[in-house]
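Asks: Pasting my_file-v9.txt below, which is compact mmCIF, C-alpha atoms and all ligand atoms.
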# COMPACT_ATOMS: atom_id res chain seq x y z
CA MET U 1 -81.87 -35.50 60.92
CA GLN U 2 -85.32 -36.56 59.83
CA GLN U 3 -86.38 -39.03 57.17
CA ILE U 4 -89.30 -37.59 55.22
CA ILE U 5 -92.04 -39.12 53.11
CA HIS U 6 -90.79 -38.30 49.67
CA GLY U 7 -92.55 -40.49 47.13
CA ALA U 8 -94.68 -37.64 45.82
CA PHE U 9 -91.86 -35.07 45.77
CA PHE U 10 -88.62 -36.84 44.86
CA PRO U 11 -87.69 -39.89 42.73
CA ASP U 12 -87.84 -43.22 44.54
CA ILE U 13 -84.14 -43.97 44.02
CA TYR U 14 -83.26 -41.40 46.69
CA PHE U 15 -83.13 -41.66 50.43
CA VAL U 16 -84.22 -38.16 51.50
CA VAL U 17 -83.48 -36.33 54.73
CA GLN U 18 -84.17 -32.74 55.68
CA ARG U 19 -81.20 -30.66 56.83
CA GLN U 20 -81.12 -27.40 58.76
CA GLY U 21 -80.94 -24.50 56.30
CA GLU U 22 -79.80 -20.92 56.95
CA GLY U 23 -82.24 -18.00 57.09
CA GLY U 24 -85.36 -20.15 56.86
CA GLU U 25 -84.10 -21.91 53.74
CA TYR U 26 -85.17 -25.54 53.27
CA VAL U 27 -82.39 -28.01 52.51
CA PHE U 28 -82.95 -31.62 51.52
CA GLU U 29 -80.23 -34.20 51.15
CA LEU U 30 -80.92 -36.81 48.48
CA LYS U 31 -78.70 -39.92 48.56
CA THR U 32 -78.99 -42.44 45.78
CA ARG U 33 -79.83 -46.03 46.66
CA SER U 34 -79.82 -47.31 43.09
CA LYS U 35 -78.24 -50.72 42.40
CA SER U 36 -78.07 -50.26 38.64
CA ALA U 37 -78.70 -47.69 35.90
CA VAL U 38 -79.29 -47.60 32.15
CA CYS U 39 -76.59 -46.09 29.91
CA PRO U 40 -78.11 -43.01 28.21
CA CYS U 41 -76.05 -43.71 25.07
CA CYS U 42 -76.68 -47.39 24.26
CA GLY U 43 -79.49 -48.33 26.67
CA THR U 44 -77.54 -51.16 28.33
CA GLU U 45 -78.21 -51.66 32.02
CA SER U 46 -75.15 -51.66 34.27
CA ASN U 47 -74.68 -52.55 37.94
CA TYR U 48 -70.95 -51.81 37.96
CA LYS U 49 -70.56 -48.65 40.02
CA HIS U 50 -67.65 -46.29 39.35
CA SER U 51 -68.06 -43.48 41.92
CA TYR U 52 -70.43 -40.92 43.34
CA GLN U 53 -71.00 -37.30 42.34
CA ASN U 54 -72.31 -34.53 44.61
CA ARG U 55 -74.15 -31.48 43.39
CA ILE U 56 -76.35 -28.69 44.71
CA VAL U 57 -79.46 -27.64 42.83
CA ARG U 58 -82.32 -25.31 43.59
CA ASP U 59 -85.90 -26.53 43.66
CA LEU U 60 -89.36 -24.95 43.88
CA PRO U 61 -89.74 -22.90 47.09
CA ILE U 62 -91.84 -23.93 50.09
CA PHE U 63 -93.98 -21.22 51.74
CA GLY U 64 -91.90 -18.55 49.98
CA LYS U 65 -88.61 -19.93 51.34
CA PRO U 66 -85.80 -21.09 49.02
CA VAL U 67 -85.25 -24.83 48.66
CA SER U 68 -81.86 -26.42 47.96
CA LEU U 69 -81.19 -30.07 47.22
CA LEU U 70 -77.84 -31.72 47.99
CA ILE U 71 -77.92 -34.64 45.58
CA THR U 72 -75.55 -37.60 45.58
CA GLN U 73 -75.74 -39.40 42.25
CA ALA U 74 -74.01 -42.65 41.27
CA LYS U 75 -71.75 -43.05 38.26
CA TYR U 76 -71.67 -46.40 36.48
CA PHE U 77 -69.41 -48.09 33.93
CA CYS U 78 -71.07 -49.00 30.66
CA ASN U 79 -70.47 -52.73 30.04
CA ASN U 80 -71.24 -52.53 26.36
CA GLU U 81 -67.88 -52.67 24.56
CA GLU U 82 -69.39 -51.17 21.42
CA CYS U 83 -70.69 -48.11 23.30
CA THR U 84 -68.76 -44.85 23.00
CA VAL U 85 -69.52 -43.97 26.63
CA ARG U 86 -67.35 -45.59 29.31
CA ILE U 87 -68.73 -43.93 32.46
CA PHE U 88 -72.15 -42.32 32.87
CA THR U 89 -74.11 -40.64 35.64
CA GLU U 90 -77.46 -42.14 36.53
CA ARG U 91 -80.50 -40.17 35.38
CA ASN U 92 -83.05 -39.23 37.98
CA GLY U 93 -85.83 -37.36 36.15
CA LEU U 94 -85.46 -34.56 38.65
CA VAL U 95 -82.63 -32.48 37.22
CA SER U 96 -80.80 -32.49 33.88
CA GLU U 97 -77.06 -33.10 33.73
CA TYR U 98 -75.62 -29.59 34.10
CA SER U 99 -78.55 -27.54 35.39
CA GLN U 100 -78.49 -25.56 38.64
CA PHE U 101 -82.26 -25.98 38.94
CA THR U 102 -84.62 -28.95 39.04
CA GLU U 103 -86.67 -29.45 35.90
CA ARG U 104 -89.91 -28.42 37.66
CA CYS U 105 -88.26 -25.25 38.93
CA ARG U 106 -86.84 -24.45 35.48
CA GLU U 107 -90.26 -24.96 33.86
CA TYR U 108 -91.92 -22.69 36.40
CA MET U 109 -89.32 -19.94 35.90
CA LEU U 110 -89.74 -20.19 32.12
CA LYS U 111 -93.50 -19.81 32.41
CA VAL U 112 -93.09 -16.62 34.46
CA ALA U 113 -90.30 -15.22 32.28
CA THR U 114 -92.21 -15.77 29.04
CA HIS U 115 -95.24 -13.87 30.36
CA VAL U 116 -93.37 -10.84 31.67
CA SER U 117 -89.91 -9.39 30.98
CA CYS U 118 -86.88 -11.19 32.42
CA GLU U 119 -86.19 -8.28 34.80
CA ALA U 120 -89.79 -8.38 36.11
CA ALA U 121 -89.57 -12.18 36.39
CA VAL U 122 -86.43 -11.86 38.56
CA LYS U 123 -88.38 -9.70 41.04
CA ILE U 124 -91.52 -11.88 41.03
CA LEU U 125 -89.48 -15.06 41.50
CA ALA U 126 -87.46 -13.45 44.31
CA TYR U 127 -90.71 -12.67 46.18
CA GLN U 128 -91.59 -16.34 45.89
CA GLY U 129 -88.20 -17.59 47.09
CA ILE U 130 -86.38 -18.34 43.83
CA ARG U 131 -83.11 -16.48 43.39
CA VAL U 132 -82.10 -16.16 39.76
CA CYS U 133 -80.57 -13.41 37.61
CA GLY U 134 -81.99 -12.00 34.37
CA ASP U 135 -79.13 -13.33 32.23
CA THR U 136 -79.77 -16.88 33.47
CA LEU U 137 -83.44 -16.55 32.57
CA LEU U 138 -82.54 -15.24 29.11
CA ASN U 139 -80.19 -18.18 28.54
CA MET U 140 -82.93 -20.56 29.69
CA ILE U 141 -85.40 -19.03 27.24
CA LYS U 142 -82.87 -19.32 24.41
CA ALA U 143 -82.03 -22.94 25.32
CA ALA U 144 -85.70 -23.81 25.55
CA GLY U 145 -86.40 -22.15 22.19
CA ALA U 146 -87.31 -25.39 20.42
CA GLU U 147 -89.38 -26.65 23.36
CA TYR U 148 -91.44 -23.47 23.61
CA LYS U 149 -91.58 -22.78 19.89
CA ILE U 150 -94.98 -21.48 18.87
CA THR U 151 -96.08 -21.78 15.26
CA PRO U 152 -97.15 -18.35 14.06
CA GLY U 153 -100.43 -17.72 12.26
CA LYS U 154 -100.62 -15.82 8.99
CA LYS U 155 -100.61 -12.36 10.59
CA ILE U 156 -97.57 -11.21 12.51
CA GLY U 157 -96.21 -8.05 14.11
CA VAL U 158 -92.49 -7.28 14.18
CA ASP U 159 -90.52 -4.70 16.13
CA ASP U 160 -87.12 -4.16 17.68
CA TRP U 161 -86.43 -4.42 21.41
CA ALA U 162 -83.47 -3.77 23.66
CA TYR U 163 -81.52 -6.48 25.45
CA ARG U 164 -79.57 -3.51 26.83
CA LYS U 165 -80.75 -0.04 25.92
CA GLY U 166 -78.32 1.73 23.63
CA GLN U 167 -76.09 -1.35 23.32
CA ALA U 168 -77.74 -4.57 22.15
CA TYR U 169 -80.98 -4.93 20.22
CA GLY U 170 -83.04 -7.84 18.97
CA THR U 171 -86.16 -8.40 16.89
CA ILE U 172 -89.39 -9.66 18.41
CA ILE U 173 -92.16 -11.31 16.40
CA CYS U 174 -95.72 -11.70 17.70
CA ASP U 175 -98.80 -13.45 16.38
CA LEU U 176 -101.34 -10.68 15.83
CA GLU U 177 -104.32 -12.94 16.49
CA THR U 178 -103.16 -14.86 19.59
CA HIS U 179 -100.94 -11.99 20.85
CA GLU U 180 -98.24 -14.55 21.68
CA ILE U 181 -94.53 -14.02 21.17
CA VAL U 182 -93.51 -16.50 18.50
CA GLU U 183 -89.83 -15.66 18.08
CA VAL U 184 -87.01 -13.51 19.41
CA LEU U 185 -84.14 -12.93 16.98
CA LYS U 186 -80.70 -11.38 17.29
CA GLY U 187 -80.12 -7.94 15.77
CA ARG U 188 -82.56 -5.46 14.28
CA ASP U 189 -80.99 -4.91 10.86
CA GLY U 190 -83.56 -7.18 9.17
CA GLU U 191 -81.03 -9.88 8.28
CA THR U 192 -82.20 -12.46 10.84
CA PHE U 193 -85.82 -11.46 10.19
CA GLU U 194 -85.34 -12.12 6.48
CA LYS U 195 -84.02 -15.64 7.22
CA TRP U 196 -86.90 -16.29 9.60
CA LEU U 197 -89.47 -15.13 7.03
CA SER U 198 -88.03 -17.56 4.46
CA GLY U 199 -89.13 -20.41 6.72
CA HIS U 200 -92.68 -19.06 7.05
CA PRO U 201 -94.07 -18.57 3.54
CA ASP U 202 -97.71 -18.66 4.73
CA ILE U 203 -97.52 -15.26 6.37
CA ASN U 204 -99.64 -12.73 4.49
CA VAL U 205 -99.85 -9.74 6.85
CA VAL U 206 -96.91 -8.03 8.56
CA SER U 207 -97.46 -5.18 10.96
CA ARG U 208 -94.25 -3.23 11.45
CA ASP U 209 -92.65 0.06 12.39
CA ARG U 210 -91.57 2.62 9.77
CA ALA U 211 -87.97 1.38 9.65
CA SER U 212 -86.82 0.23 6.25
CA ALA U 213 -84.95 -2.89 7.47
CA TYR U 214 -88.07 -4.94 8.18
CA ALA U 215 -89.87 -3.52 5.11
CA SER U 216 -87.10 -4.59 2.74
CA ALA U 217 -87.00 -8.07 4.32
CA VAL U 218 -90.73 -8.50 3.66
CA ASN U 219 -90.44 -7.02 0.14
CA LYS U 220 -87.67 -9.45 -0.67
CA VAL U 221 -89.05 -12.68 0.83
CA LEU U 222 -92.83 -12.20 0.82
CA PRO U 223 -93.60 -9.51 -1.78
CA GLU U 224 -97.28 -10.50 -1.82
CA ALA U 225 -97.72 -9.93 1.92
CA ILE U 226 -99.62 -6.86 3.07
CA GLN U 227 -97.47 -4.53 5.16
CA ILE U 228 -99.19 -2.26 7.63
CA ALA U 229 -97.82 0.35 9.98
CA ASP U 230 -98.76 -0.61 13.50
CA ARG U 231 -101.04 1.60 15.63
CA PHE U 232 -98.32 2.52 18.12
CA HIS U 233 -95.99 3.89 15.44
CA ILE U 234 -98.79 5.64 13.52
CA THR U 235 -99.92 7.42 16.70
CA LYS U 236 -96.35 8.28 17.65
CA ASN U 237 -95.57 9.63 14.19
CA LEU U 238 -98.80 11.68 14.19
CA LEU U 239 -98.02 13.20 17.59
CA ASP U 240 -94.41 13.97 16.56
CA ALA U 241 -95.64 15.64 13.36
CA LEU U 242 -98.27 17.68 15.25
CA ASN U 243 -95.69 18.78 17.76
CA ASP U 244 -93.23 19.85 15.04
CA THR U 245 -95.98 21.71 13.17
CA MET U 246 -97.14 23.53 16.27
CA LYS U 247 -93.59 24.53 17.09
CA ALA U 248 -93.03 25.79 13.53
CA PHE U 249 -96.18 27.94 13.47
CA MET U 250 -96.30 29.21 17.02
CA PRO U 251 -94.15 32.28 17.69
CA GLU U 252 -91.66 32.23 20.54
CA VAL U 253 -93.67 34.81 22.46
CA VAL U 254 -97.41 35.27 22.25
CA GLU U 255 -98.45 38.78 23.20
CA VAL U 256 -101.86 38.96 24.84
CA PRO U 257 -103.32 42.49 24.91
CA ILE U 258 -104.46 43.46 28.35
CA ASP U 259 -108.07 44.51 28.35
CA GLU U 260 -108.22 47.91 30.01
CA ALA U 261 -111.88 47.38 30.89
CA LYS U 262 -111.13 44.29 33.00
CA PRO U 263 -110.19 44.66 36.63
CA PRO U 264 -106.41 44.39 37.25
CA GLU U 265 -106.73 40.89 38.88
CA ALA U 266 -108.50 39.42 35.81
CA ALA U 267 -105.91 40.93 33.48
CA GLU U 268 -103.12 39.51 35.61
CA GLN U 269 -104.72 36.04 35.50
CA THR U 270 -104.94 36.22 31.68
CA VAL U 271 -101.20 36.98 31.49
CA LYS U 272 -100.41 34.09 33.86
CA LYS U 273 -102.49 31.62 31.82
CA THR U 274 -100.75 32.72 28.62
CA GLN U 275 -97.36 32.36 30.28
CA LYS U 276 -98.29 28.85 31.51
CA ARG U 277 -99.41 27.81 28.02
CA LYS U 278 -96.12 29.06 26.58
CA ASN U 279 -94.17 27.02 29.13
CA VAL U 280 -96.10 23.86 28.22
CA MET U 281 -95.41 24.47 24.54
CA SER U 282 -91.72 24.99 25.12
CA HIS U 283 -91.50 21.80 27.20
CA ASN U 284 -93.10 19.77 24.44
ZN ZN O 301 -73.42 -47.46 26.84
Kindly present the structure from the file in structure tokens form.
Replies:
Amino acid sequence: MQQIIHGAFFPDIYFVVQRQGEGGEYVFELKTRSKSAVCPCCGTESNYKHSYQNRIVRDLPIFGKPVSLLITQAKYFCNNEECTVRIFTERNGLVSEYSQFTERCREYMLKVATHVSCEAAVKILAYQGIRVCGDTLLNMIKAAGAEYKITPGKKIGVDDWAYRKGQAYGTIICDLETHEIVEVLKGRDGETFEKWLSGHPDINVVSRDRASAYASAVNKVLPEAIQIADRFHITKNLLDALNDTMKAFMPEVVEVPIDEAKPPEAAEQTVKKTQKRKNVMSHN
């Protein structure tokens, strides 16, 4: 057991020792040495201890190895008779009441998860020594919605996206000028988008796909806004239309007359090229 210098890493109320972890994991035991605490409900200070509570939380990794904290927190009675809280757990600034992660770890994971997809974030974080599943990251993003809320500009892009392909879909809204995600909504039927638009009357340009759900939401709430089809969908629609047209006009088999004057090898190559082209067409 080894006492470590902890002032810079852990709150002063804890006596910190490093424990042996498994598989290179770092484990720190944090024991409270507080003599009093302030009730989070009424703000009254109490020195009347009730009991202790143990919990395990995960912290930022060290040298790519996972870090776990075994925290012993004190519970106090609130002495204020007018307070609705009788017993409370001391606050430590390190971890919120029910979280499995320290606040600094949660903030770091959120930063990663909001820059890439949750599934990619799971892999990146695992390389760094933070084990977390995609669903937990999604719940964190939802819970932190207000904290990370970004005010959109006047030009937005909207599209649907899959929580689970073929099963659950949502609506994603981006600021077209900053390229930041400003909101993620449930469903893609336009209902939640319509409600969201009602709270943002300054928007004057909406880039969207060709689906009618988002178009009718904009028509209804912001009829003055300019609606434009986004580049991705225009290009995709153009390519689909070209493909359909080509298929409609091109016959199933294209006969290429063999030029008698050419040597047999050249004629054979011409037939092969034609055959190859036909295969490509049929694949598309
Ligand atoms: Zn109180």
Asks: U:Cys78, U:Val116, U:Ala248, U:Met109: which is nearest ligand ZN 301 (chain O), counting only C-alpha atoms and all ligand atoms?
Replies: U:Cys78
Asks: How many Å separate CA of Ile87 in chain U from CA of Asn54 in chain U?
Replies: 15.8 Å
Asks: List all protein, DNA and RNA residues that have any atom at most 10 Å from ligand ZN 301 (chain O), counting only C-alpha atoms and all ligand atoms, and write the list as a ChimeraX atom specification.
Replies: /U:38-46,76-88
Asks: Could the residues in this selection be saved with C-alpha atoms as a PDB file, in the frame of the given file?
Replies:
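To be explicit, this is the file written out as result36.pdb:
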ATOM      1  CA  VAL U  38     -79.290 -47.600  32.150  1.00  0.00           C
ATOM      2  CA  CYS U  39     -76.590 -46.090  29.910  1.00  0.00           C
ATOM      3  CA  PRO U  40     -78.110 -43.010  28.210  1.00  0.00           C
ATOM      4  CA  CYS U  41     -76.050 -43.710  25.070  1.00  0.00           C
ATOM      5  CA  CYS U  42     -76.680 -47.390  24.260  1.00  0.00           C
ATOM      6  CA  GLY U  43     -79.490 -48.330  26.670  1.00  0.00           C
ATOM      7  CA  THR U  44     -77.540 -51.160  28.330  1.00  0.00           C
ATOM      8  CA  GLU U  45     -78.210 -51.660  32.020  1.00  0.00           C
ATOM      9  CA  SER U  46     -75.150 -51.660  34.270  1.00  0.00           C
ATOM     10  CA  TYR U  76     -71.670 -46.400  36.480  1.00  0.00           C
ATOM     11  CA  PHE U  77     -69.410 -48.090  33.930  1.00  0.00           C
ATOM     12  CA  CYS U  78     -71.070 -49.000  30.660  1.00  0.00           C
ATOM     13  CA  ASN U  79     -70.470 -52.730  30.040  1.00  0.00           C
ATOM     14  CA  ASN U  80     -71.240 -52.530  26.360  1.00  0.00           C
ATOM     15  CA  GLU U  81     -67.880 -52.670  24.560  1.00  0.00           C
ATOM     16  CA  GLU U  82     -69.390 -51.170  21.420  1.00  0.00           C
ATOM     17  CA  CYS U  83     -70.690 -48.110  23.300  1.00  0.00           C
ATOM     18  CA  THR U  84     -68.760 -44.850  23.000  1.00  0.00           C
ATOM     19  CA  VAL U  85     -69.520 -43.970  26.630  1.00  0.00           C
ATOM     20  CA  ARG U  86     -67.350 -45.590  29.310  1.00  0.00           C
ATOM     21  CA  ILE U  87     -68.730 -43.930  32.460  1.00  0.00           C
ATOM     22  CA  PHE U  88     -72.150 -42.320  32.870  1.00  0.00           C
TER      23      PHE U  88
END
Asks: With distances taken over only C-alpha atoms, which residue among U:Leu110, U:Val132, U:Ala126, U:Ile56 lies nearest Val95 in chain U?
Replies: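 Ranking U:Leu110, U:Val132, U:Ala126, U:Ile56 by distance to Val95 in chain U, first place goes to U:Ile56.
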Asks: Would you compute the distance between CA of Asn92 in chain U and CA of Ala8 in chain U? Give it in Å to one decimal.
Replies: 14.1 Å
Asks: If I wrap all listed atoms of range 50-56 of chain U in a box with edges along x, y and z and add 3 Å on each side, what are its centre and edge lengths in Å to one decimal, as AutoDock Vina command-line options?
Replies:
--center_x -72.0 --center_y -37.5 --center_z 42.0 --size_x 14.7 --size_y 23.6 --size_z 11.4
Asks: Mind pulling up the distance from CA of Ser117 in chain U to CA of Glu25 in chain U?
Replies: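 Distance reported for this atom pair: 26.6 Å.
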Asks: Between U:Arg19, U:Lys236, U:Lys186, U:Lys195, which is the closest to Lys142 in chain U once you count all atoms listed in the file?
Replies: U:Lys186
Asks: List the spatial neighbours of Arg131 in chain U as a PyMOL selection string - criterion: any atom at most 9 Å away, all atoms listed in the file, same-chain residues fewer than 5 positions off excluded.
Replies: chain U and resi 58+66+122-123+125-126
Asks: Using only C-alpha atoms, which residue out of U:Asp160, U:Ile203, U:Ser216, U:Gln227 lies closest to Val184 in chain U?
Replies: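 Looking only at the distances to Val184 in chain U, the closest residue turns out to be U:Asp160.
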Asks: With all atoms listed in the file as the counted atoms, please give the residues lying no more than 7 Å from range 33-37 of chain U, apart from itself and same-chain residues fewer than 3 positions off, as a list in words.
Replies: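 In the requested format, the answer is Ile13, Tyr14, Phe15, Glu45, Ser46, Asn47 and Glu90 of chain U.
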Asks: Using all atoms listed in the file, which residue out of U:Lys155, U:Pro11, U:Arg231, U:Ile258 lies closest to Gly93 in chain U?
Replies: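 Smallest separation from Gly93 in chain U among the options: U:Pro11.
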Asks: Got a sec: who's within 12 Å of Lys111 in chain U, counting all atoms listed in the file, leaving out chain neighbours fewer than 4 positions off, as a PyMOL selection string?
Replies: chain U and resi 104-107+115-118+121+124-125+137+140-141+144+148
Asks: So that I have them on file, write out the residues from the current selection with C-alpha atoms, as a PDB file, in the coordinates of the input.
Replies:
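What ended up in again-v8.pdb:
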ATOM      1  CA  ARG U 104     -89.910 -28.420  37.660  1.00  0.00           C
ATOM      2  CA  CYS U 105     -88.260 -25.250  38.930  1.00  0.00           C
ATOM      3  CA  ARG U 106     -86.840 -24.450  35.480  1.00  0.00           C
ATOM      4  CA  GLU U 107     -90.260 -24.960  33.860  1.00  0.00           C
ATOM      5  CA  HIS U 115     -95.240 -13.870  30.360  1.00  0.00           C
ATOM      6  CA  VAL U 116     -93.370 -10.840  31.670  1.00  0.00           C
ATOM      7  CA  SER U 117     -89.910  -9.390  30.980  1.00  0.00           C
ATOM      8  CA  CYS U 118     -86.880 -11.190  32.420  1.00  0.00           C
ATOM      9  CA  ALA U 121     -89.570 -12.180  36.390  1.00  0.00           C
ATOM     10  CA  ILE U 124     -91.520 -11.880  41.030  1.00  0.00           C
ATOM     11  CA  LEU U 125     -89.480 -15.060  41.500  1.00  0.00           C
ATOM     12  CA  LEU U 137     -83.440 -16.550  32.570  1.00  0.00           C
ATOM     13  CA  MET U 140     -82.930 -20.560  29.690  1.00  0.00           C
ATOM     14  CA  ILE U 141     -85.400 -19.030  27.240  1.00  0.00           C
ATOM     15  CA  ALA U 144     -85.700 -23.810  25.550  1.00  0.00           C
ATOM     16  CA  TYR U 148     -91.440 -23.470  23.610  1.00  0.00           C
TER      17      TYR U 148
END
Asks: List as a list in words the protein and nucleic acid residues near Ser198 in chain U, meaning an atom at most 10 Å away when only C-alpha atoms are counted, but skip any in the same chain fewer than 2 places from it.
Replies: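 That gives Phe193, Glu194, Lys195, Trp196, His200, Pro201, Asp202, Ile203, Ala217, Val218, Lys220, Val221 and Leu222 of chain U.
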Asks: Dump C-alpha atoms for the selected residues as a PDB file, in the coordinates of the input?
Replies:
ATOM      1  CA  PHE U 193     -85.820 -11.460  10.190  1.00  0.00           C
ATOM      2  CA  GLU U 194     -85.340 -12.120   6.480  1.00  0.00           C
ATOM      3  CA  LYS U 195     -84.020 -15.640   7.220  1.00  0.00           C
ATOM      4  CA  TRP U 196     -86.900 -16.290   9.600  1.00  0.00           C
ATOM      5  CA  HIS U 200     -92.680 -19.060   7.050  1.00  0.00           C
ATOM      6  CA  PRO U 201     -94.070 -18.570   3.540  1.00  0.00           C
ATOM      7  CA  ASP U 202     -97.710 -18.660   4.730  1.00  0.00           C
ATOM      8  CA  ILE U 203     -97.520 -15.260   6.370  1.00  0.00           C
ATOM      9  CA  ALA U 217     -87.000  -8.070   4.320  1.00  0.00           C
ATOM     10  CA  VAL U 218     -90.730  -8.500   3.660  1.00  0.00           C
ATOM     11  CA  LYS U 220     -87.670  -9.450  -0.670  1.00  0.00           C
ATOM     12  CA  VAL U 221     -89.050 -12.680   0.830  1.00  0.00           C
ATOM     13  CA  LEU U 222     -92.830 -12.200   0.820  1.00  0.00           C
TER      14      LEU U 222
END
Asks: Quick one: residues within 7 Å of Val206 in chain U, only C-alpha atoms, excluding same-chain residues fewer than 6 positions away - as a PyMOL selection string?
Replies: chain U and resi 155-157+225-228
Asks: When you count only C-alpha atoms, which of these residues is closest to Ser207 in chain U: U:Gln53, U:Glu191, U:Phe249, U:Asp159?
Replies: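 Nearest to Ser207 in chain U: U:Asp159.
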Asks: Complete the atoms of range 52-68 of chain U to N, CA and C atoms and put them out as a PDB file, in the frame of the given file.
Replies:
ATOM      1  N   TYR U  52     -69.263 -41.736  43.036  1.00  0.00           N
ATOM      2  CA  TYR U  52     -70.430 -40.920  43.340  1.00  0.00           C
ATOM      3  C   TYR U  52     -70.126 -39.454  42.999  1.00  0.00           C
ATOM      4  N   GLN U  53     -71.167 -38.712  42.686  1.00  0.00           N
ATOM      5  CA  GLN U  53     -71.000 -37.300  42.340  1.00  0.00           C
ATOM      6  C   GLN U  53     -71.980 -36.475  43.199  1.00  0.00           C
ATOM      7  N   ASN U  54     -71.444 -35.407  43.799  1.00  0.00           N
ATOM      8  CA  ASN U  54     -72.310 -34.530  44.610  1.00  0.00           C
ATOM      9  C   ASN U  54     -72.608 -33.251  43.856  1.00  0.00           C
ATOM     10  N   ARG U  55     -73.797 -32.757  44.012  1.00  0.00           N
ATOM     11  CA  ARG U  55     -74.150 -31.480  43.390  1.00  0.00           C
ATOM     12  C   ARG U  55     -75.253 -30.797  44.198  1.00  0.00           C
ATOM     13  N   ILE U  56     -75.309 -29.478  44.023  1.00  0.00           N
ATOM     14  CA  ILE U  56     -76.350 -28.690  44.710  1.00  0.00           C
ATOM     15  C   ILE U  56     -77.245 -28.071  43.643  1.00  0.00           C
ATOM     16  N   VAL U  57     -78.529 -28.275  43.764  1.00  0.00           N
ATOM     17  CA  VAL U  57     -79.460 -27.640  42.830  1.00  0.00           C
ATOM     18  C   VAL U  57     -80.586 -26.973  43.603  1.00  0.00           C
ATOM     19  N   ARG U  58     -81.208 -26.015  42.938  1.00  0.00           N
ATOM     20  CA  ARG U  58     -82.320 -25.310  43.590  1.00  0.00           C
ATOM     21  C   ARG U  58     -83.657 -25.836  43.068  1.00  0.00           C
ATOM     22  N   ASP U  59     -84.601 -25.951  44.000  1.00  0.00           N
ATOM     23  CA  ASP U  59     -85.900 -26.530  43.660  1.00  0.00           C
ATOM     24  C   ASP U  59     -86.997 -25.486  43.882  1.00  0.00           C
ATOM     25  N   LEU U  60     -88.228 -25.861  43.639  1.00  0.00           N
ATOM     26  CA  LEU U  60     -89.360 -24.950  43.880  1.00  0.00           C
ATOM     27  C   LEU U  60     -89.407 -24.577  45.367  1.00  0.00           C
ATOM     28  N   PRO U  61     -89.730 -23.329  45.684  1.00  0.00           N
ATOM     29  CA  PRO U  61     -89.740 -22.900  47.090  1.00  0.00           C
ATOM     30  C   PRO U  61     -90.897 -23.508  47.878  1.00  0.00           C
ATOM     31  N   ILE U  62     -90.762 -23.472  49.205  1.00  0.00           N
ATOM     32  CA  ILE U  62     -91.840 -23.930  50.090  1.00  0.00           C
ATOM     33  C   ILE U  62     -92.226 -22.753  50.975  1.00  0.00           C
ATOM     34  N   PHE U  63     -93.495 -22.371  50.958  1.00  0.00           N
ATOM     35  CA  PHE U  63     -93.980 -21.220  51.740  1.00  0.00           C
ATOM     36  C   PHE U  63     -93.110 -19.986  51.530  1.00  0.00           C
ATOM     37  N   GLY U  64     -92.692 -19.747  50.304  1.00  0.00           N
ATOM     38  CA  GLY U  64     -91.900 -18.550  49.980  1.00  0.00           C
ATOM     39  C   GLY U  64     -90.451 -18.624  50.420  1.00  0.00           C
ATOM     40  N   LYS U  65     -90.012 -19.778  50.922  1.00  0.00           N
ATOM     41  CA  LYS U  65     -88.610 -19.930  51.340  1.00  0.00           C
ATOM     42  C   LYS U  65     -87.844 -20.731  50.290  1.00  0.00           C
ATOM     43  N   PRO U  66     -86.585 -20.352  50.018  1.00  0.00           N
ATOM     44  CA  PRO U  66     -85.800 -21.090  49.020  1.00  0.00           C
ATOM     45  C   PRO U  66     -85.596 -22.552  49.423  1.00  0.00           C
ATOM     46  N   VAL U  67     -85.493 -23.396  48.419  1.00  0.00           N
ATOM     47  CA  VAL U  67     -85.250 -24.830  48.660  1.00  0.00           C
ATOM     48  C   VAL U  67     -84.008 -25.261  47.891  1.00  0.00           C
ATOM     49  N   SER U  68     -83.051 -25.875  48.613  1.00  0.00           N
ATOM     50  CA  SER U  68     -81.860 -26.420  47.960  1.00  0.00           C
ATOM     51  C   SER U  68     -81.818 -27.925  48.145  1.00  0.00           C
TER      52      SER U  68
END
